[in-house]
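Shown next: data_8.txt, given as compact mmCIF, C-alpha atoms.
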```txt
# COMPACT_ATOMS: atom_id res chain seq x y z
CA MET A 1407 24.60 112.30 90.29
CA PRO A 1408 24.11 112.80 86.60
CA ILE A 1409 27.04 110.42 85.98
CA LEU A 1410 25.30 107.60 87.82
CA SER A 1411 22.20 108.08 85.79
CA ILE A 1412 24.25 107.94 82.59
CA LEU A 1413 25.89 104.69 83.73
CA ALA A 1414 22.54 103.21 84.54
CA GLN A 1415 21.30 103.93 81.01
CA THR A 1416 24.16 102.13 79.24
CA PRO A 1417 23.75 98.41 78.50
CA TYR A 1418 25.46 95.92 80.81
CA GLN A 1419 27.81 94.62 78.06
CA ASN A 1420 29.13 98.11 77.38
CA ARG A 1421 29.78 98.69 81.07
CA LEU A 1422 31.83 95.46 81.31
CA GLU A 1423 33.90 96.34 78.26
CA GLY A 1424 34.51 99.79 79.68
CA LEU A 1425 35.68 98.37 82.98
CA ARG A 1426 37.95 95.87 81.24
CA GLY A 1427 39.37 98.60 79.07
CA ALA A 1428 40.14 100.70 82.10
CA PHE A 1429 42.38 98.00 83.56
CA ASP A 1430 43.74 96.36 80.40
CA ASP A 1431 44.85 98.68 77.65
CA ARG A 1432 46.18 95.95 75.33
CA LYS A 1433 44.24 95.40 72.15
CA THR A 1434 45.61 91.87 71.59
CA ASP A 1435 45.12 88.52 73.25
CA PRO A 1436 46.25 88.64 76.89
CA THR A 1437 48.63 85.68 76.49
CA ASP A 1438 52.21 86.78 75.95
CA ILE A 1439 53.39 85.00 72.79
CA THR A 1440 56.86 86.57 72.73
CA GLY A 1441 57.59 85.42 76.28
CA PHE A 1442 56.60 81.88 75.30
CA PHE A 1443 58.94 81.94 72.29
CA ILE A 1444 61.82 83.27 74.39
CA LEU A 1445 61.29 80.58 77.02
CA PHE A 1446 61.00 77.86 74.37
CA GLY A 1447 64.19 79.14 72.68
CA CYS A 1448 66.08 79.08 75.99
CA VAL A 1449 65.00 75.50 76.66
CA ILE A 1450 66.13 74.42 73.20
CA ALA A 1451 69.46 76.26 73.57
CA ILE A 1452 70.14 74.60 76.93
CA ALA A 1453 69.27 71.19 75.48
CA LEU A 1454 71.61 71.73 72.52
CA ILE A 1455 74.47 72.85 74.77
CA TRP A 1456 73.94 69.78 76.96
CA VAL A 1457 73.93 67.43 73.92
CA ILE A 1458 77.11 68.99 72.50
CA ALA A 1459 78.90 68.83 75.86
CA ARG A 1460 77.81 65.22 76.30
CA ARG A 1461 79.15 64.22 72.88
CA ILE A 1462 82.47 65.91 73.58
CA SER A 1463 82.86 64.16 76.93
CA VAL A 1464 81.84 60.76 75.51
CA GLY A 1465 84.30 61.23 72.64
CA ARG A 1466 87.12 61.97 75.05
CA SER A 1467 86.29 59.07 77.33
CA THR A 1468 86.16 56.52 74.49
CA GLU A 1469 89.54 57.73 73.21
CA ASN A 1470 91.19 57.19 76.58
CA GLU A 1471 89.10 54.24 77.75
CA HIS A 1472 91.49 51.50 76.69
CA ASN A 1473 94.67 53.52 77.16
CA HIS A 1474 94.15 54.43 80.80
CA PRO A 1475 96.79 52.57 82.84
CA VAL A 1476 94.56 51.74 85.83
CA ARG A 1477 91.83 50.48 83.50
CA LEU A 1478 94.34 48.21 81.78
CA PHE A 1479 95.54 47.05 85.21
CA ASP A 1480 91.93 46.22 86.14
CA MET A 1481 91.46 44.23 82.92
CA ILE A 1482 94.56 42.16 83.71
CA LEU A 1483 93.31 41.54 87.27
CA ARG A 1484 90.01 40.29 85.84
CA LYS A 1485 91.87 37.93 83.52
CA MET A 1486 93.81 36.61 86.51
CA GLY A 1487 90.50 35.76 88.20
CA ILE A 1488 90.82 38.19 91.10
CA GLY A 1489 87.52 39.07 92.81
CA PHE A 1490 85.84 42.46 93.06
CA ARG A 1491 86.94 43.37 96.60
CA ASP A 1492 90.56 42.50 95.92
CA ARG A 1493 90.46 44.31 92.58
CA PHE A 1494 89.14 47.42 94.34
CA VAL A 1495 92.01 47.37 96.83
CA LEU A 1496 94.56 46.60 94.12
CA LYS A 1497 93.30 49.53 92.03
CA LEU A 1498 93.94 51.72 95.07
CA PHE A 1499 97.42 50.19 95.13
CA ALA A 1500 97.89 50.94 91.41
CA ARG A 1501 96.98 54.59 91.98
CA GLY A 1502 99.15 54.79 95.07
CA VAL A 1503 102.42 53.45 93.62
CA ASN A 1504 102.94 56.60 91.50
CA LEU A 1505 104.30 54.70 88.52
CA PRO A 1506 103.53 55.88 84.99
CA SER A 1507 101.88 52.52 84.43
CA PRO A 1508 100.99 50.12 87.25
CA MET A 1509 101.59 47.27 84.79
CA LEU A 1510 105.33 47.64 85.45
CA ILE A 1511 104.98 45.79 88.75
CA PHE A 1512 104.17 42.58 86.86
CA PHE A 1513 107.59 42.50 85.18
CA ASP A 1514 109.91 42.60 88.17
CA GLU A 1515 109.31 40.92 91.49
CA GLU A 1516 111.61 43.28 93.38
CA VAL A 1517 109.76 46.33 92.06
CA PHE A 1518 106.50 44.68 93.06
CA ASP A 1519 107.73 43.94 96.59
CA ARG A 1520 109.21 47.41 97.07
CA HIS A 1521 106.08 49.29 95.96
CA ALA A 1522 103.71 46.92 97.73
CA GLY A 1523 105.63 47.26 100.99
CA ARG A 1524 105.68 51.07 100.79
CA TRP A 1525 102.01 51.27 99.97
CA ILE A 1526 100.93 48.91 102.74
CA ASP A 1527 103.08 50.83 105.24
CA SER A 1528 101.40 54.07 104.16
CA LEU A 1529 97.94 52.75 105.08
CA SER A 1530 96.71 53.68 108.54
CA PHE A 1531 93.21 52.18 108.50
CA THR A 1532 93.70 48.68 109.94
CA PRO A 1533 90.85 46.81 108.14
CA LEU A 1534 91.97 48.28 104.82
CA LYS A 1535 95.57 47.36 105.62
CA ARG A 1536 94.59 43.73 106.32
CA ARG A 1537 92.53 43.56 103.12
CA ALA A 1538 95.38 45.15 101.18
CA MET A 1539 97.89 42.62 102.49
CA ALA A 1540 95.59 39.76 101.46
CA GLY A 1541 95.03 41.29 98.00
CA ILE A 1542 98.74 41.93 97.47
CA GLU A 1543 99.56 38.38 98.50
CA LEU A 1544 96.94 37.02 96.10
CA LEU A 1545 98.28 39.19 93.28
CA ARG A 1546 101.83 38.10 94.10
CA SER A 1547 100.88 34.43 93.96
CA ARG A 1548 99.14 34.89 90.61
CA SER A 1549 101.81 37.15 89.08
CA PHE A 1550 104.91 35.28 90.23
CA PRO A 1551 103.82 31.66 90.76
CA ASP A 1552 107.33 30.16 90.68
CA THR A 1553 108.79 32.31 93.43
CA SER A 1554 105.65 32.21 95.57
CA ALA A 1555 105.80 28.43 95.62
CA ALA A 1556 109.52 28.55 96.46
CA LYS A 1557 108.91 30.97 99.34
CA ALA A 1558 106.17 28.71 100.72
CA ARG A 1559 108.64 25.80 100.95
```
Written as structure tokens, that's how I'd like the structure from this file.
Amino acid sequence: MPILSILAQTPYQNRLEGLRGAFDDRKTDPTDITGFFILFGCVIAIALIWVIARRISVGRSTENEHNHPVRLFDMILRKMGIGFRDRFVLKLFARGVNLPSPMLIFFDEEVFDRHAGRWIDSLSFTPLKRRAMAGIELLRSRSFPDTSAAKAR
């Protein structure tokens, strides 16, 4: 009991500081400054890595943007006035013909017919096959206008 009487004699402020000291032995501010700096450093490092990776990928894509064969094929289709849906199907055709450059089909009608026939035969989805036949026929009429008119006669 003498301990209780001693505690009762000490001022209230001293008792609170004693209790706080019993549970918290740090002499500094309770906020962890080093943890904040580590977290902030990690966020900055991740942001820098993302920016560097983004610049590398953008640099690579701009180098190959105009040289990509399918992209060049798409640009020619746009110049021919072919619509979006037909261009989409014809880009599938360009990827499916397995030529180094799909632009080669514009130079020889026999090559065009051979690759177009093989690709259309390889399609099994009927609506896509119908759309592909319409797109190929449109491309044929725009690419080889003299022979398309002769075949129509």
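Among the candidates A:Ala1459, A:Thr1553, A:Thr1440, A:Ile1526, the one nearest to Asp1514 (chain A) when counting all atoms listed in the file is A:Thr1553.
For the residues A:Asp1552, A:Arg1491, A:Asn1504, A:Asp1519, ranking by smallest atom-to-atom distance to Ala1540 (chain A) using only C-alpha atoms places A:Arg1491 first.
Among the candidate residues A:Asp1480, A:Leu1505, A:Val1449, A:Leu1529, the one lying nearest to Asp1492 (chain A) is A:Asp1480, with distances computed using only C-alpha atoms.
Distance check against Pro1551 (chain A) using all atoms listed in the file: of A:Phe1512, A:Arg1460, A:Arg1484, A:Val1503, the minimum falls on A:Phe1512.
Using only C-alpha atoms, the smallest distance between any of A:Ile1444, A:Leu1545, A:Met1539, A:Ile1439 and Phe1518 (chain A) comes from A:Leu1545.
Counting all atoms listed in the file and comparing A:Leu1510, A:Leu1534, A:Ala1453, A:Arg1477, the residue that lies closest to Ser1549 (chain A) is A:Leu1510.
Relative to CA of Ile1462 (chain A), CA of Phe1443 (chain A) is found at 28.5 Å.
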Measure the distance from CA of Ala1538 (chain A) to CA of Ala1500 (chain A) in Å and round it to one decimal. 11.6 Å
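Pairwise distance (CA of Ile1488 (chain A), CA of Val1517 (chain A)) equals 20.6 Å.
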